[in-house]
>>> print(open('start_28.cif').read())   # mmCIF, C-alpha atoms
data_final
#
loop_
_atom_site.group_PDB
_atom_site.id
_atom_site.type_symbol
_atom_site.label_atom_id
_atom_site.label_comp_id
_atom_site.auth_asym_id
_atom_site.auth_seq_id
_atom_site.Cartn_x
_atom_site.Cartn_y
_atom_site.Cartn_z
ATOM 1 C CA MET A 8 -22.465 -59.569 6.539
ATOM 2 C CA ILE A 9 -24.403 -60.668 9.583
ATOM 3 C CA LEU A 10 -27.860 -62.092 8.827
ATOM 4 C CA GLY A 11 -29.514 -59.615 11.227
ATOM 5 C CA LEU A 12 -28.233 -56.728 9.115
ATOM 6 C CA GLN A 13 -29.588 -58.100 5.840
ATOM 7 C CA LEU A 14 -32.875 -56.224 5.992
ATOM 8 C CA PHE A 15 -33.359 -56.597 2.236
ATOM 9 C CA LEU A 16 -34.476 -60.181 2.973
ATOM 10 C CA VAL A 17 -37.774 -58.637 4.108
ATOM 11 C CA TRP A 18 -38.305 -57.586 0.482
ATOM 12 C CA TYR A 19 -37.815 -61.164 -0.669
ATOM 13 C CA PHE A 20 -40.423 -62.238 1.891
ATOM 14 C CA VAL A 21 -42.815 -59.530 0.593
ATOM 15 C CA MET A 22 -42.143 -60.645 -2.970
ATOM 16 C CA GLY A 23 -43.062 -64.242 -2.070
ATOM 17 C CA PHE A 24 -46.158 -63.027 -0.229
ATOM 18 C CA LEU A 25 -47.291 -61.023 -3.288
ATOM 19 C CA LEU A 26 -46.718 -63.965 -5.620
ATOM 20 C CA GLY A 27 -48.680 -66.235 -3.288
ATOM 21 C CA ASN A 28 -51.511 -63.721 -3.026
ATOM 22 C CA GLY A 29 -51.708 -63.277 -6.782
ATOM 23 C CA VAL A 30 -52.121 -66.976 -7.542
ATOM 24 C CA PRO A 31 -55.643 -67.613 -6.170
ATOM 25 C CA HIS A 32 -57.011 -64.269 -7.353
ATOM 26 C CA PHE A 33 -55.663 -64.758 -10.858
ATOM 27 C CA ALA A 34 -56.677 -68.431 -11.028
ATOM 28 C CA PHE A 35 -60.248 -67.829 -9.836
ATOM 29 C CA GLY A 36 -60.578 -64.837 -12.153
ATOM 30 C CA ALA A 37 -59.208 -66.717 -15.149
ATOM 31 C CA ALA A 38 -61.642 -69.562 -14.422
ATOM 32 C CA GLY A 39 -64.509 -67.056 -14.462
ATOM 33 C CA LYS A 40 -65.346 -67.650 -10.796
ATOM 34 C CA ILE A 41 -66.479 -65.110 -8.230
ATOM 35 C CA PHE A 42 -63.856 -64.722 -5.510
ATOM 36 C CA ARG A 43 -63.088 -62.420 -2.634
ATOM 37 C CA SER A 44 -61.582 -59.116 -3.666
ATOM 38 C CA PRO A 45 -58.717 -57.491 -1.831
ATOM 39 C CA PHE A 46 -61.365 -55.568 0.107
ATOM 40 C CA GLY A 47 -63.065 -58.663 1.570
ATOM 41 C CA GLN A 48 -66.156 -58.778 -0.623
ATOM 42 C CA ARG A 49 -67.113 -61.000 -3.512
ATOM 43 C CA SER A 50 -65.781 -59.582 -6.756
ATOM 44 C CA SER A 51 -66.061 -60.246 -10.428
ATOM 45 C CA PRO A 52 -63.532 -62.382 -12.265
ATOM 46 C CA LYS A 53 -62.189 -59.267 -14.020
ATOM 47 C CA THR A 54 -61.445 -57.576 -10.687
ATOM 48 C CA ASN A 55 -59.627 -60.655 -9.451
ATOM 49 C CA ILE A 56 -57.587 -61.020 -12.632
ATOM 50 C CA LEU A 57 -56.504 -57.396 -12.287
ATOM 51 C CA TRP A 58 -55.697 -57.852 -8.587
ATOM 52 C CA GLY A 59 -53.707 -61.027 -9.235
ATOM 53 C CA ALA A 60 -51.816 -59.409 -12.108
ATOM 54 C CA SER A 61 -51.056 -56.327 -10.008
ATOM 55 C CA ASN A 62 -49.568 -58.607 -7.328
ATOM 56 C CA PHE A 63 -47.387 -60.269 -9.971
ATOM 57 C CA VAL A 64 -46.268 -56.887 -11.327
ATOM 58 C CA ALA A 65 -45.430 -55.570 -7.847
ATOM 59 C CA ALA A 66 -43.412 -58.718 -7.067
ATOM 60 C CA SER A 67 -41.599 -58.365 -10.396
ATOM 61 C CA VAL A 68 -40.741 -54.710 -9.722
ATOM 62 C CA ILE A 69 -39.348 -55.634 -6.302
ATOM 63 C CA GLY A 70 -37.333 -58.479 -7.849
ATOM 64 C CA ILE A 71 -35.929 -56.246 -10.585
ATOM 65 C CA ALA A 72 -35.003 -53.565 -8.044
ATOM 66 C CA LEU A 73 -33.261 -56.071 -5.775
ATOM 67 C CA SER A 74 -31.409 -57.480 -8.759
ATOM 68 C CA ALA A 75 -30.376 -54.035 -9.988
ATOM 69 C CA LEU A 76 -29.073 -53.169 -6.518
ATOM 70 C CA ASP A 77 -27.273 -56.540 -6.396
ATOM 71 C CA LEU A 78 -29.000 -57.429 -3.131
ATOM 72 C CA PHE A 79 -28.950 -61.174 -2.798
ATOM 73 C CA SER A 80 -27.727 -63.669 -0.268
ATOM 74 C CA SER A 81 -27.977 -67.384 0.243
ATOM 75 C CA TYR A 82 -31.046 -66.732 2.406
ATOM 76 C CA ALA A 83 -32.970 -64.777 -0.243
ATOM 77 C CA LEU A 84 -34.683 -67.802 -1.780
ATOM 78 C CA ILE A 85 -35.608 -69.086 1.669
ATOM 79 C CA ALA A 86 -37.203 -65.735 2.561
ATOM 80 C CA LEU A 87 -39.131 -65.701 -0.737
ATOM 81 C CA LEU A 88 -40.393 -69.254 -0.227
ATOM 82 C CA ILE A 89 -41.423 -68.574 3.372
ATOM 83 C CA GLY A 90 -43.497 -65.608 2.177
ATOM 84 C CA PHE A 91 -45.046 -67.634 -0.639
ATOM 85 C CA TRP A 92 -45.909 -70.697 1.463
ATOM 86 C CA LEU A 93 -47.222 -68.589 4.318
ATOM 87 C CA MET A 94 -49.683 -66.970 1.913
ATOM 88 C CA MET A 95 -50.628 -70.375 0.477
ATOM 89 C CA LEU A 96 -51.229 -71.659 4.020
ATOM 90 C CA MET A 97 -53.460 -68.670 4.778
ATOM 91 C CA PHE A 98 -55.366 -69.226 1.533
ATOM 92 C CA GLY A 99 -55.730 -72.950 2.126
ATOM 93 C CA THR A 100 -57.087 -72.541 5.635
ATOM 94 C CA GLY A 101 -59.547 -69.794 4.665
ATOM 95 C CA ILE A 102 -60.945 -71.030 1.336
ATOM 96 C CA LYS A 103 -63.434 -73.478 2.833
ATOM 97 C CA ARG A 104 -65.032 -70.716 4.906
ATOM 98 C CA PHE A 105 -65.361 -68.530 1.792
ATOM 99 C CA LEU A 106 -66.877 -71.302 -0.335
ATOM 100 C CA ASN A 107 -69.467 -72.092 2.345
ATOM 101 C CA GLU A 108 -70.704 -68.492 2.651
ATOM 102 C CA PRO A 109 -74.157 -67.869 1.183
ATOM 103 C CA GLU A 110 -74.212 -65.589 -1.815
ATOM 104 C CA VAL A 111 -75.546 -62.106 -1.151
ATOM 105 C CA LYS A 112 -77.682 -60.744 -3.950
#
>>> encode(input="start_28.cif", output="structure tokens")
Amino acid sequence: MILGLQLFLVWYFVMGFLLGNGVPHFAFGAAGKIFRSPFGQRSSPKTNILWGASNFVAASVIGIALSALDLFSSYALIALLIGFWLMMLMFGTGIKRFLNEPEVK
């Protein structure tokens, strides 16, 4: 099959993106730290744990569905890693700005 026709690779990218997005939310929440919610405002650790876990669950559902449909190619892992590392890059470049914001009470 031609690579251009393997549109399921987009789902591997989305799965990597969700896993990458879940990591900082879950880690900050588990550490009991205030972090940005998915809606761009500071949120409680509980909200961030739930958001991180929901990202992990969504990525797992996508992975199970792709596996059940036997949709895999040699490029699948590359697409997943690109999605994951792109999200980590976005997090890494934006975290300093978030940490330097004054707290609103």
>>> resolve_selection(input="start_28.cif", expression="the PyMOL selection byres ((chain A and resi 70) around 12)", output="PDB file with C-alpha atoms, in the coordinates of the input")
ATOM      1  CA  PHE A  15     -33.359 -56.597   2.236  1.00  0.00           C
ATOM      2  CA  LEU A  16     -34.476 -60.181   2.973  1.00  0.00           C
ATOM      3  CA  VAL A  17     -37.774 -58.637   4.108  1.00  0.00           C
ATOM      4  CA  TRP A  18     -38.305 -57.586   0.482  1.00  0.00           C
ATOM      5  CA  TYR A  19     -37.815 -61.164  -0.669  1.00  0.00           C
ATOM      6  CA  PHE A  20     -40.423 -62.238   1.891  1.00  0.00           C
ATOM      7  CA  VAL A  21     -42.815 -59.530   0.593  1.00  0.00           C
ATOM      8  CA  MET A  22     -42.143 -60.645  -2.970  1.00  0.00           C
ATOM      9  CA  GLY A  23     -43.062 -64.242  -2.070  1.00  0.00           C
ATOM     10  CA  LEU A  25     -47.291 -61.023  -3.288  1.00  0.00           C
ATOM     11  CA  LEU A  26     -46.718 -63.965  -5.620  1.00  0.00           C
ATOM     12  CA  PHE A  63     -47.387 -60.269  -9.971  1.00  0.00           C
ATOM     13  CA  VAL A  64     -46.268 -56.887 -11.327  1.00  0.00           C
ATOM     14  CA  ALA A  65     -45.430 -55.570  -7.847  1.00  0.00           C
ATOM     15  CA  ALA A  66     -43.412 -58.718  -7.067  1.00  0.00           C
ATOM     16  CA  SER A  67     -41.599 -58.365 -10.396  1.00  0.00           C
ATOM     17  CA  VAL A  68     -40.741 -54.710  -9.722  1.00  0.00           C
ATOM     18  CA  ILE A  69     -39.348 -55.634  -6.302  1.00  0.00           C
ATOM     19  CA  ILE A  71     -35.929 -56.246 -10.585  1.00  0.00           C
ATOM     20  CA  ALA A  72     -35.003 -53.565  -8.044  1.00  0.00           C
ATOM     21  CA  LEU A  73     -33.261 -56.071  -5.775  1.00  0.00           C
ATOM     22  CA  SER A  74     -31.409 -57.480  -8.759  1.00  0.00           C
ATOM     23  CA  ALA A  75     -30.376 -54.035  -9.988  1.00  0.00           C
ATOM     24  CA  LEU A  76     -29.073 -53.169  -6.518  1.00  0.00           C
ATOM     25  CA  ASP A  77     -27.273 -56.540  -6.396  1.00  0.00           C
ATOM     26  CA  LEU A  78     -29.000 -57.429  -3.131  1.00  0.00           C
ATOM     27  CA  PHE A  79     -28.950 -61.174  -2.798  1.00  0.00           C
ATOM     28  CA  ALA A  83     -32.970 -64.777  -0.243  1.00  0.00           C
ATOM     29  CA  LEU A  84     -34.683 -67.802  -1.780  1.00  0.00           C
ATOM     30  CA  LEU A  87     -39.131 -65.701  -0.737  1.00  0.00           C
TER      31      LEU A  87
END
>>> resolve_selection(input="start_28.cif", expression="the PyMOL selection byres ((chain A and resi 50) around 12)", output="PyMOL selection string")
chain A and resi 32+35-36+39-49+51-58+110-111
>>> atom_distance(input="start_28.cif", atom1="atom CA of A:Trp92", atom2="atom CA of A:Asn62")
15.4 Å
>>> atom_distance(input="start_28.cif", atom1="atom CA of A:Arg104", atom2="atom CA of A:Gly90")
22.3 Å
>>> atom_distance(input="start_28.cif", atom1="atom CA of A:Gly29", atom2="atom CA of A:Ala60")
6.6 Å
>>> axis_aligned_box(input="start_28.cif", around="stretch 61-64 of chain A", padding_each_side="5 Å", output="JSON")
{"center_x": -48.7, "center_y": -58.3, "center_z": -9.3, "size_x": 14.8, "size_y": 13.9, "size_z": 14.0}
>>> decode(input="start_28.cif", residues="chain A", atoms="C-alpha atoms", output="JSON list (two decimals), in the first residue's frame")
[["chain", "number", "residue", "atom", "x", "y", "z"],
["A", 8, "MET", "CA", 0.00, 0.00, 0.00],
["A", 9, "ILE", "CA", 1.26, 3.46, -0.82],
["A", 10, "LEU", "CA", 2.15, 5.58, 2.22],
["A", 11, "GLY", "CA", -0.17, 8.40, 1.07],
["A", 12, "LEU", "CA", -3.14, 6.04, 1.30],
["A", 13, "GLN", "CA", -2.38, 4.92, 4.85],
["A", 14, "LEU", "CA", -4.60, 7.50, 6.52],
["A", 15, "PHE", "CA", -4.78, 5.40, 9.69],
["A", 16, "LEU", "CA", -1.29, 6.74, 10.50],
["A", 17, "VAL", "CA", -3.05, 9.97, 11.51],
["A", 18, "TRP", "CA", -4.63, 7.99, 14.36],
["A", 19, "TYR", "CA", -1.20, 6.87, 15.54],
["A", 20, "PHE", "CA", -0.11, 10.52, 15.51],
["A", 21, "VAL", "CA", -3.23, 11.47, 17.53],
["A", 22, "MET", "CA", -2.53, 8.63, 19.95],
["A", 23, "GLY", "CA", 1.02, 9.93, 20.51],
["A", 24, "PHE", "CA", -0.30, 13.47, 20.92],
["A", 25, "LEU", "CA", -2.81, 12.31, 23.57],
["A", 26, "LEU", "CA", -0.15, 10.36, 25.46],
["A", 27, "GLY", "CA", 2.16, 13.38, 25.39],
["A", 28, "ASN", "CA", -0.62, 15.68, 26.57],
["A", 29, "GLY", "CA", -1.58, 13.37, 29.41],
["A", 30, "VAL", "CA", 1.92, 13.19, 30.90],
["A", 31, "PRO", "CA", 2.31, 16.75, 32.27],
["A", 32, "HIS", "CA", -1.30, 17.00, 33.43],
["A", 33, "PHE", "CA", -1.13, 13.69, 35.26],
["A", 34, "ALA", "CA", 2.35, 14.35, 36.69],
["A", 35, "PHE", "CA", 1.49, 17.83, 38.00],
["A", 36, "GLY", "CA", -1.80, 16.55, 39.40],
["A", 37, "ALA", "CA", -0.19, 13.56, 41.08],
["A", 38, "ALA", "CA", 2.42, 15.88, 42.61],
["A", 39, "GLY", "CA", -0.39, 18.01, 44.05],
["A", 40, "LYS", "CA", 0.58, 21.05, 41.97],
["A", 41, "ILE", "CA", -1.71, 23.58, 40.34],
["A", 42, "PHE", "CA", -1.42, 23.38, 36.56],
["A", 43, "ARG", "CA", -3.22, 24.68, 33.51],
["A", 44, "SER", "CA", -6.43, 22.86, 32.72],
["A", 45, "PRO", "CA", -7.44, 21.89, 29.22],
["A", 46, "PHE", "CA", -9.39, 25.16, 29.15],
["A", 47, "GLY", "CA", -6.35, 27.41, 29.71],
["A", 48, "GLN", "CA", -6.90, 28.30, 33.35],
["A", 49, "ARG", "CA", -5.21, 27.14, 36.51],
["A", 50, "SER", "CA", -6.87, 24.00, 37.81],
["A", 51, "SER", "CA", -6.74, 21.81, 40.84],
["A", 52, "PRO", "CA", -4.58, 18.70, 40.95],
["A", 53, "LYS", "CA", -7.72, 16.53, 40.84],
["A", 54, "THR", "CA", -8.86, 18.15, 37.58],
["A", 55, "ASN", "CA", -5.45, 17.59, 36.04],
["A", 56, "ILE", "CA", -5.27, 13.97, 37.15],
["A", 57, "LEU", "CA", -8.66, 13.37, 35.55],
["A", 58, "TRP", "CA", -7.63, 15.18, 32.36],
["A", 59, "GLY", "CA", -4.35, 13.26, 32.13],
["A", 60, "ALA", "CA", -6.10, 9.95, 32.76],
["A", 61, "SER", "CA", -8.77, 10.74, 30.16],
["A", 62, "ASN", "CA", -5.99, 11.38, 27.61],
["A", 63, "PHE", "CA", -4.45, 8.01, 28.47],
["A", 64, "VAL", "CA", -7.82, 6.26, 28.15],
["A", 65, "ALA", "CA", -8.56, 7.91, 24.79],
["A", 66, "ALA", "CA", -5.12, 6.90, 23.47],
["A", 67, "SER", "CA", -5.69, 3.35, 24.71],
["A", 68, "VAL", "CA", -9.10, 3.13, 23.01],
["A", 69, "ILE", "CA", -7.57, 4.33, 19.73],
["A", 70, "GLY", "CA", -4.74, 1.80, 20.09],
["A", 71, "ILE", "CA", -7.13, -1.06, 20.82],
["A", 72, "ALA", "CA", -9.32, -0.10, 17.86],
["A", 73, "LEU", "CA", -6.35, 0.07, 15.50],
["A", 74, "SER", "CA", -5.14, -3.28, 16.77],
["A", 75, "ALA", "CA", -8.57, -4.87, 16.41],
["A", 76, "LEU", "CA", -8.81, -3.58, 12.83],
["A", 77, "ASP", "CA", -5.26, -4.85, 12.18],
["A", 78, "LEU", "CA", -4.16, -1.41, 11.02],
["A", 79, "PHE", "CA", -0.42, -1.22, 11.41],
["A", 80, "SER", "CA", 2.51, -0.48, 9.18],
["A", 81, "SER", "CA", 6.20, 0.06, 9.62],
["A", 82, "TYR", "CA", 5.49, 3.79, 9.88],
["A", 83, "ALA", "CA", 2.98, 3.50, 12.74],
["A", 84, "LEU", "CA", 5.55, 3.80, 15.52],
["A", 85, "ILE", "CA", 7.17, 6.76, 13.78],
["A", 86, "ALA", "CA", 3.80, 8.54, 13.55],
["A", 87, "LEU", "CA", 3.10, 7.84, 17.24],
["A", 88, "LEU", "CA", 6.51, 9.13, 18.31],
["A", 89, "ILE", "CA", 6.20, 12.27, 16.17],
["A", 90, "GLY", "CA", 2.88, 13.04, 17.87],
["A", 91, "PHE", "CA", 4.31, 12.37, 21.33],
["A", 92, "TRP", "CA", 7.50, 14.41, 20.86],
["A", 93, "LEU", "CA", 5.65, 17.27, 19.21],
["A", 94, "MET", "CA", 3.45, 17.55, 22.30],
["A", 95, "MET", "CA", 6.50, 17.33, 24.58],
["A", 96, "LEU", "CA", 8.16, 20.11, 22.56],
["A", 97, "MET", "CA", 5.06, 22.28, 22.91],
["A", 98, "PHE", "CA", 4.95, 21.59, 26.65],
["A", 99, "GLY", "CA", 8.65, 22.27, 27.10],
["A", 100, "THR", "CA", 8.55, 25.59, 25.29],
["A", 101, "GLY", "CA", 5.43, 26.81, 27.11],
["A", 102, "ILE", "CA", 6.04, 25.68, 30.71],
["A", 103, "LYS", "CA", 8.35, 28.55, 31.63],
["A", 104, "ARG", "CA", 5.72, 31.11, 30.63],
["A", 105, "PHE", "CA", 3.11, 29.31, 32.77],
["A", 106, "LEU", "CA", 5.38, 29.07, 35.82],
["A", 107, "ASN", "CA", 6.21, 32.78, 35.64],
["A", 108, "GLU", "CA", 2.56, 33.91, 35.57],
["A", 109, "PRO", "CA", 1.34, 35.55, 38.78],
["A", 110, "GLU", "CA", -1.31, 33.62, 40.64],
["A", 111, "VAL", "CA", -4.80, 35.06, 40.38],
["A", 112, "LYS", "CA", -6.77, 34.83, 43.60]]
